[in-house]
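Chemist: Sharing protein13.pdb, PDB, C-alpha atoms:
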MODEL        1
ATOM      1  CA  MET A 868     137.641 245.163 164.767
ATOM      2  CA  ALA A 869     134.179 244.635 163.364
ATOM      3  CA  ASP A 870     131.211 246.591 164.661
ATOM      4  CA  GLU A 871     129.142 244.867 167.332
ATOM      5  CA  THR A 872     125.432 244.896 167.979
ATOM      6  CA  ILE A 873     123.889 243.609 171.190
ATOM      7  CA  THR A 874     120.828 241.385 170.898
ATOM      8  CA  GLU A 875     119.271 239.913 174.064
ATOM      9  CA  GLU A 876     122.499 239.089 175.916
ATOM     10  CA  LYS A 877     124.327 238.138 172.714
ATOM     11  CA  HIS A 878     127.098 240.159 171.120
ATOM     12  CA  ILE A 879     127.061 239.660 167.360
ATOM     13  CA  ASP A 880     129.536 241.436 165.106
ATOM     14  CA  SER A 881     128.741 242.830 161.661
ATOM     15  CA  GLU A 882     129.723 239.534 160.026
ATOM     16  CA  GLY A 883     127.289 237.501 162.144
ATOM     17  CA  TYR A 884     129.847 235.982 164.557
ATOM     18  CA  GLU A 885     128.661 235.624 168.137
ATOM     19  CA  LYS A 886     131.130 236.695 170.828
ATOM     20  CA  GLN A 887     131.756 233.860 173.268
ATOM     21  CA  ILE A 888     131.698 234.607 176.983
ATOM     22  CA  GLY A 889     133.561 232.394 179.463
ATOM     23  CA  ALA A 890     131.147 230.484 181.650
ATOM     24  CA  GLY A 891     131.754 231.494 185.228
ATOM     25  CA  MET A 892     135.177 233.054 184.582
ATOM     26  CA  TRP A 893     135.956 236.710 185.262
ATOM     27  CA  LEU A 894     137.730 238.079 182.204
ATOM     28  CA  PRO A 895     138.130 241.849 182.550
ATOM     29  CA  GLU A 896     138.376 243.847 179.341
ATOM     30  CA  ASN A 897     138.573 247.474 180.468
ATOM     31  CA  ILE A 898     140.899 249.230 182.895
ATOM     32  CA  GLY A 899     139.011 249.625 186.148
ATOM     33  CA  ASP A 900     136.891 246.473 185.758
ATOM     34  CA  THR A 901     136.397 245.193 189.309
ATOM     35  CA  LEU A 902     135.526 241.888 190.930
ATOM     36  CA  LYS A 903     134.336 242.183 194.517
ATOM     37  CA  GLY A 904     132.932 239.636 196.930
ATOM     38  CA  GLU A 905     133.700 236.894 199.433
ATOM     39  CA  ILE A 906     136.067 234.017 198.712
ATOM     40  CA  ALA A 907     133.867 230.901 198.710
ATOM     41  CA  ALA A 908     136.570 228.406 197.691
ATOM     42  CA  ILE A 909     140.155 228.139 196.526
ATOM     43  CA  GLU A 910     140.925 225.714 193.718
ATOM     44  CA  THR A 911     144.516 224.555 193.420
ATOM     45  CA  ASP A 912     144.167 221.541 191.149
ATOM     46  CA  GLY A 913     144.404 223.403 187.826
ATOM     47  CA  LEU A 914     147.341 223.385 185.455
ATOM     48  CA  TYR A 915     147.970 227.103 185.833
ATOM     49  CA  GLY A 916     147.847 227.636 189.571
ATOM     50  CA  LYS A 917     145.384 228.873 192.140
ATOM     51  CA  GLN A 918     141.923 230.112 191.218
ATOM     52  CA  LEU A 919     139.533 231.762 193.629
ATOM     53  CA  VAL A 920     135.801 231.164 193.545
ATOM     54  CA  VAL A 921     134.285 234.505 194.547
ATOM     55  CA  LEU A 922     130.713 234.810 195.804
ATOM     56  CA  MET A 923     129.509 238.163 194.525
ATOM     57  CA  GLU A 924     126.922 240.395 196.176
ATOM     58  CA  ASP A 925     124.271 239.304 193.634
ATOM     59  CA  GLY A 926     124.686 235.659 194.747
ATOM     60  CA  ASN A 927     126.561 234.471 191.643
ATOM     61  CA  GLU A 928     129.905 232.706 191.871
ATOM     62  CA  ILE A 929     132.739 233.525 189.503
ATOM     63  CA  LYS A 930     136.313 232.232 189.169
ATOM     64  CA  THR A 931     139.423 234.351 188.866
ATOM     65  CA  PRO A 932     141.722 233.837 185.876
ATOM     66  CA  SER A 933     145.140 232.215 186.328
ATOM     67  CA  HIS A 934     147.164 235.232 185.246
ATOM     68  CA  LYS A 935     150.734 235.385 186.569
ATOM     69  CA  VAL A 936     150.504 238.722 188.432
ATOM     70  CA  LEU A 937     147.125 237.836 189.910
ATOM     71  CA  GLN A 938     148.527 234.516 191.170
ATOM     72  CA  ALA A 939     151.204 236.354 193.142
ATOM     73  CA  ARG A 940     148.777 238.884 194.585
ATOM     74  CA  ILE A 941     146.173 236.368 195.813
ATOM     75  CA  ALA A 942     148.747 234.190 197.570
ATOM     76  CA  LYS A 943     147.568 235.213 201.074
ATOM     77  CA  ALA A 944     143.843 234.929 200.315
ATOM     78  CA  LYS A 945     141.774 232.544 202.436
ATOM     79  CA  VAL A 946     138.232 231.212 202.263
ATOM     80  CA  ASP A 947     135.724 233.697 203.784
ATOM     81  CA  ASP A 948     138.042 236.699 203.211
ATOM     82  CA  LYS A 949     136.493 239.653 201.391
ATOM     83  CA  ILE A 950     138.324 240.500 198.173
ATOM     84  CA  LYS A 951     138.368 243.273 195.605
ATOM     85  CA  ILE A 952     140.357 242.832 192.404
ATOM     86  CA  VAL A 953     140.811 245.761 190.015
ATOM     87  CA  TYR A 954     142.144 245.262 186.491
ATOM     88  CA  THR A 955     144.749 247.976 185.828
ATOM     89  CA  GLY A 956     145.757 247.162 182.236
ATOM     90  CA  GLU A 957     148.599 245.412 180.445
ATOM     91  CA  GLN A 958     152.370 245.726 180.381
ATOM     92  CA  PRO A 959     154.323 244.826 177.262
ATOM     93  CA  PRO A 960     155.804 241.320 177.303
ATOM     94  CA  ALA A 961     159.332 240.899 178.667
ATOM     95  CA  VAL A 962     160.086 238.507 175.807
ATOM     96  CA  ARG A 963     159.254 239.600 172.285
ATOM     97  CA  GLY A 964     156.469 237.486 170.813
ATOM     98  CA  ASN A 965     154.901 236.607 174.169
ATOM     99  CA  ASN A 966     151.533 237.893 175.380
ATOM    100  CA  PRO A 967     151.394 241.120 177.394
ATOM    101  CA  THR A 968     151.181 240.776 181.192
ATOM    102  CA  LYS A 969     147.749 241.525 182.660
ATOM    103  CA  MET A 970     148.057 243.710 185.757
ATOM    104  CA  TYR A 971     145.810 243.805 188.831
ATOM    105  CA  ASP A 972     145.479 245.533 192.190
ATOM    106  CA  VAL A 973     144.204 243.160 194.875
ATOM    107  CA  PHE A 974     142.668 244.228 198.193
ATOM    108  CA  LEU A 975     141.861 241.763 200.992
ATOM    109  CA  LYS A 976     139.774 242.166 204.117
ATOM    110  CA  THR A 977     140.601 239.140 206.260
ATOM    111  CA  VAL A 978     138.264 237.632 208.800
TER     112      VAL A 978
ENDMDL
END
Spell out the structure here as structure tokens.

Modeler:
Amino acid sequence: MADETITEEKHIDSEGYEKQIGAGMWLPENIGDTLKGEIAAIETDGLYGKQLVVLMEDGNEIKTPSHKVLQARIAKAKVDDKIKIVYTGEQPPAVRGNNPTKMYDVFLKTV
């Protein structure tokens, strides 16, 4: 992986490529990355299942990814519930050649 330098909210590697950041999508990279807030909306019209729109403490809204394990663990979530999602890493794929499975712990505080 090429070295990165950070310049005013841009991540540019040593070859001059700018790292792209998903607009409004929570994409954890490190074990322990956490998303915490209140569920503002639940979107079910996507191709890959349910996505939560989480209102964070700083007032920004961010969507959850449509990862398989996360889908199962947010099944009981409702609008206005408080949620905390912790990225716990990856498990090797069950089928050789597939992507690893992203793993999450999900905590709900229902209202």

Chemist: Give me, as a tab-separated table, each residue of region 942-969 of chain A that comes within 9 Å of region 896-910 of chain A, together with its shortest interatomic pair and the distance in Å at one decimal, counting all atoms listed in the file, with rows ordered by chain and rising residue number.

Modeler:
residue	atom	partner	partner_atom	distance
A:Ala944	CA	A:Ile906	CA	8.0
A:Lys945	CA	A:Ile906	CA	7.0
A:Val946	CA	A:Ile906	CA	5.0
A:Asp947	CA	A:Ile906	CA	5.1
A:Asp948	CA	A:Ile906	CA	5.6
A:Lys949	CA	A:Glu905	CA	4.4
A:Ile950	CA	A:Gly904	CA	5.6
A:Lys951	CA	A:Lys903	CA	4.3
A:Ile952	CA	A:Leu902	CA	5.1
A:Val953	CA	A:Thr901	CA	4.5
A:Tyr954	CA	A:Gly899	CA	5.4
A:Thr955	CA	A:Ile898	CA	5.0
A:Gly956	CA	A:Ile898	CA	5.3
A:Glu957	CA	A:Ile898	CA	8.9

Chemist: Suppose we keep C-alpha atoms; can you now write the selection as a short mmCIF file (atom, residue, chain, number, x, y, z; two decimals), in the frame of the given file?

Modeler:
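Everything below was put into result.cif:
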data_model
loop_
_atom_site.label_atom_id
_atom_site.label_comp_id
_atom_site.auth_asym_id
_atom_site.auth_seq_id
_atom_site.Cartn_x
_atom_site.Cartn_y
_atom_site.Cartn_z
CA ALA A 944 143.84 234.93 200.32
CA LYS A 945 141.77 232.54 202.44
CA VAL A 946 138.23 231.21 202.26
CA ASP A 947 135.72 233.70 203.78
CA ASP A 948 138.04 236.70 203.21
CA LYS A 949 136.49 239.65 201.39
CA ILE A 950 138.32 240.50 198.17
CA LYS A 951 138.37 243.27 195.60
CA ILE A 952 140.36 242.83 192.40
CA VAL A 953 140.81 245.76 190.02
CA TYR A 954 142.14 245.26 186.49
CA THR A 955 144.75 247.98 185.83
CA GLY A 956 145.76 247.16 182.24
CA GLU A 957 148.60 245.41 180.44
#

Chemist: For Met892 (chain A), which residue among A:Gln938, A:Thr931, A:Thr911, A:Asn966 is the nearest when counting all atoms listed in the file?

Modeler: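 Distance minimum relative to Met892 (chain A) lands on A:Thr931.
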
Chemist: Which one is closest to Ala939 (chain A): A:Gln918, A:Gly883, A:Pro967, A:Val978? Count all atoms listed in the file.

Modeler: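 The shortest atom-to-atom distance to Ala939 (chain A) comes from A:Gln918.
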
Chemist: So which one's closest to Glu928 (chain A), A:His878, A:Arg963, A:Tyr915, A:Trp893? Using all atoms listed in the file, please.

Modeler: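 Of A:His878, A:Arg963, A:Tyr915, A:Trp893, the one nearest Glu928 (chain A), counting all atoms listed in the file, is A:Trp893.
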
Chemist: Would you fill out region 902-928 of chain A with N, CA and C atoms and return it as a PDB file, keeping the file's coordinate frame?

Modeler:
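Once everything was written out, this is result-v4.pdb:
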ATOM      1  N   LEU A 902     136.204 243.056 190.367  1.00  0.00           N
ATOM      2  CA  LEU A 902     135.526 241.888 190.930  1.00  0.00           C
ATOM      3  C   LEU A 902     135.569 242.051 192.441  1.00  0.00           C
ATOM      4  N   LYS A 903     134.405 241.951 193.079  1.00  0.00           N
ATOM      5  CA  LYS A 903     134.336 242.183 194.517  1.00  0.00           C
ATOM      6  C   LYS A 903     133.369 241.188 195.140  1.00  0.00           C
ATOM      7  N   GLY A 904     133.797 240.579 196.243  1.00  0.00           N
ATOM      8  CA  GLY A 904     132.932 239.636 196.930  1.00  0.00           C
ATOM      9  C   GLY A 904     133.673 238.899 198.027  1.00  0.00           C
ATOM     10  N   GLU A 905     133.135 237.733 198.378  1.00  0.00           N
ATOM     11  CA  GLU A 905     133.700 236.894 199.433  1.00  0.00           C
ATOM     12  C   GLU A 905     134.272 235.632 198.807  1.00  0.00           C
ATOM     13  N   ILE A 906     135.440 235.222 199.261  1.00  0.00           N
ATOM     14  CA  ILE A 906     136.067 234.017 198.712  1.00  0.00           C
ATOM     15  C   ILE A 906     135.323 232.804 199.254  1.00  0.00           C
ATOM     16  N   ALA A 907     134.659 232.073 198.336  1.00  0.00           N
ATOM     17  CA  ALA A 907     133.867 230.901 198.710  1.00  0.00           C
ATOM     18  C   ALA A 907     134.706 229.631 198.687  1.00  0.00           C
ATOM     19  N   ALA A 908     135.719 229.591 197.808  1.00  0.00           N
ATOM     20  CA  ALA A 908     136.570 228.406 197.691  1.00  0.00           C
ATOM     21  C   ALA A 908     137.869 228.796 197.000  1.00  0.00           C
ATOM     22  N   ILE A 909     138.874 227.963 197.203  1.00  0.00           N
ATOM     23  CA  ILE A 909     140.155 228.139 196.526  1.00  0.00           C
ATOM     24  C   ILE A 909     140.466 226.830 195.823  1.00  0.00           C
ATOM     25  N   GLU A 910     140.624 226.904 194.510  1.00  0.00           N
ATOM     26  CA  GLU A 910     140.925 225.714 193.718  1.00  0.00           C
ATOM     27  C   GLU A 910     142.398 225.723 193.361  1.00  0.00           C
ATOM     28  N   THR A 911     143.077 224.637 193.673  1.00  0.00           N
ATOM     29  CA  THR A 911     144.516 224.555 193.420  1.00  0.00           C
ATOM     30  C   THR A 911     144.881 223.400 192.503  1.00  0.00           C
ATOM     31  N   ASP A 912     143.881 222.728 191.943  1.00  0.00           N
ATOM     32  CA  ASP A 912     144.167 221.541 191.149  1.00  0.00           C
ATOM     33  C   ASP A 912     144.301 221.815 189.654  1.00  0.00           C
ATOM     34  N   GLY A 913     144.276 223.071 189.240  1.00  0.00           N
ATOM     35  CA  GLY A 913     144.404 223.403 187.826  1.00  0.00           C
ATOM     36  C   GLY A 913     145.846 223.383 187.351  1.00  0.00           C
ATOM     37  N   LEU A 914     146.005 223.396 186.048  1.00  0.00           N
ATOM     38  CA  LEU A 914     147.341 223.385 185.455  1.00  0.00           C
ATOM     39  C   LEU A 914     148.080 224.696 185.654  1.00  0.00           C
ATOM     40  N   TYR A 915     147.348 225.786 185.838  1.00  0.00           N
ATOM     41  CA  TYR A 915     147.970 227.103 185.833  1.00  0.00           C
ATOM     42  C   TYR A 915     147.973 227.783 187.182  1.00  0.00           C
ATOM     43  N   GLY A 916     147.760 227.046 188.252  1.00  0.00           N
ATOM     44  CA  GLY A 916     147.847 227.636 189.571  1.00  0.00           C
ATOM     45  C   GLY A 916     146.496 227.849 190.227  1.00  0.00           C
ATOM     46  N   LYS A 917     146.534 228.625 191.282  1.00  0.00           N
ATOM     47  CA  LYS A 917     145.384 228.873 192.140  1.00  0.00           C
ATOM     48  C   LYS A 917     144.321 229.707 191.428  1.00  0.00           C
ATOM     49  N   GLN A 918     143.066 229.312 191.656  1.00  0.00           N
ATOM     50  CA  GLN A 918     141.923 230.112 191.218  1.00  0.00           C
ATOM     51  C   GLN A 918     141.005 230.294 192.411  1.00  0.00           C
ATOM     52  N   LEU A 919     140.495 231.502 192.572  1.00  0.00           N
ATOM     53  CA  LEU A 919     139.533 231.762 193.629  1.00  0.00           C
ATOM     54  C   LEU A 919     138.126 231.658 193.065  1.00  0.00           C
ATOM     55  N   VAL A 920     137.223 231.119 193.862  1.00  0.00           N
ATOM     56  CA  VAL A 920     135.801 231.164 193.545  1.00  0.00           C
ATOM     57  C   VAL A 920     135.236 232.260 194.435  1.00  0.00           C
ATOM     58  N   VAL A 921     134.750 233.337 193.811  1.00  0.00           N
ATOM     59  CA  VAL A 921     134.285 234.505 194.547  1.00  0.00           C
ATOM     60  C   VAL A 921     132.761 234.552 194.504  1.00  0.00           C
ATOM     61  N   LEU A 922     132.159 234.634 195.682  1.00  0.00           N
ATOM     62  CA  LEU A 922     130.713 234.810 195.804  1.00  0.00           C
ATOM     63  C   LEU A 922     130.443 236.308 195.753  1.00  0.00           C
ATOM     64  N   MET A 923     129.772 236.741 194.706  1.00  0.00           N
ATOM     65  CA  MET A 923     129.509 238.163 194.525  1.00  0.00           C
ATOM     66  C   MET A 923     128.248 238.571 195.275  1.00  0.00           C
ATOM     67  N   GLU A 924     128.057 239.872 195.419  1.00  0.00           N
ATOM     68  CA  GLU A 924     126.922 240.395 196.176  1.00  0.00           C
ATOM     69  C   GLU A 924     125.579 239.979 195.584  1.00  0.00           C
ATOM     70  N   ASP A 925     125.525 239.704 194.271  1.00  0.00           N
ATOM     71  CA  ASP A 925     124.271 239.304 193.634  1.00  0.00           C
ATOM     72  C   ASP A 925     123.991 237.806 193.783  1.00  0.00           C
ATOM     73  N   GLY A 926     124.887 237.087 194.504  1.00  0.00           N
ATOM     74  CA  GLY A 926     124.686 235.659 194.747  1.00  0.00           C
ATOM     75  C   GLY A 926     125.343 234.743 193.735  1.00  0.00           C
ATOM     76  N   ASN A 927     125.877 235.284 192.648  1.00  0.00           N
ATOM     77  CA  ASN A 927     126.561 234.471 191.643  1.00  0.00           C
ATOM     78  C   ASN A 927     127.994 234.190 192.071  1.00  0.00           C
ATOM     79  N   GLU A 928     128.508 233.047 191.629  1.00  0.00           N
ATOM     80  CA  GLU A 928     129.905 232.706 191.871  1.00  0.00           C
ATOM     81  C   GLU A 928     130.677 232.850 190.569  1.00  0.00           C
TER      82      GLU A 928
END
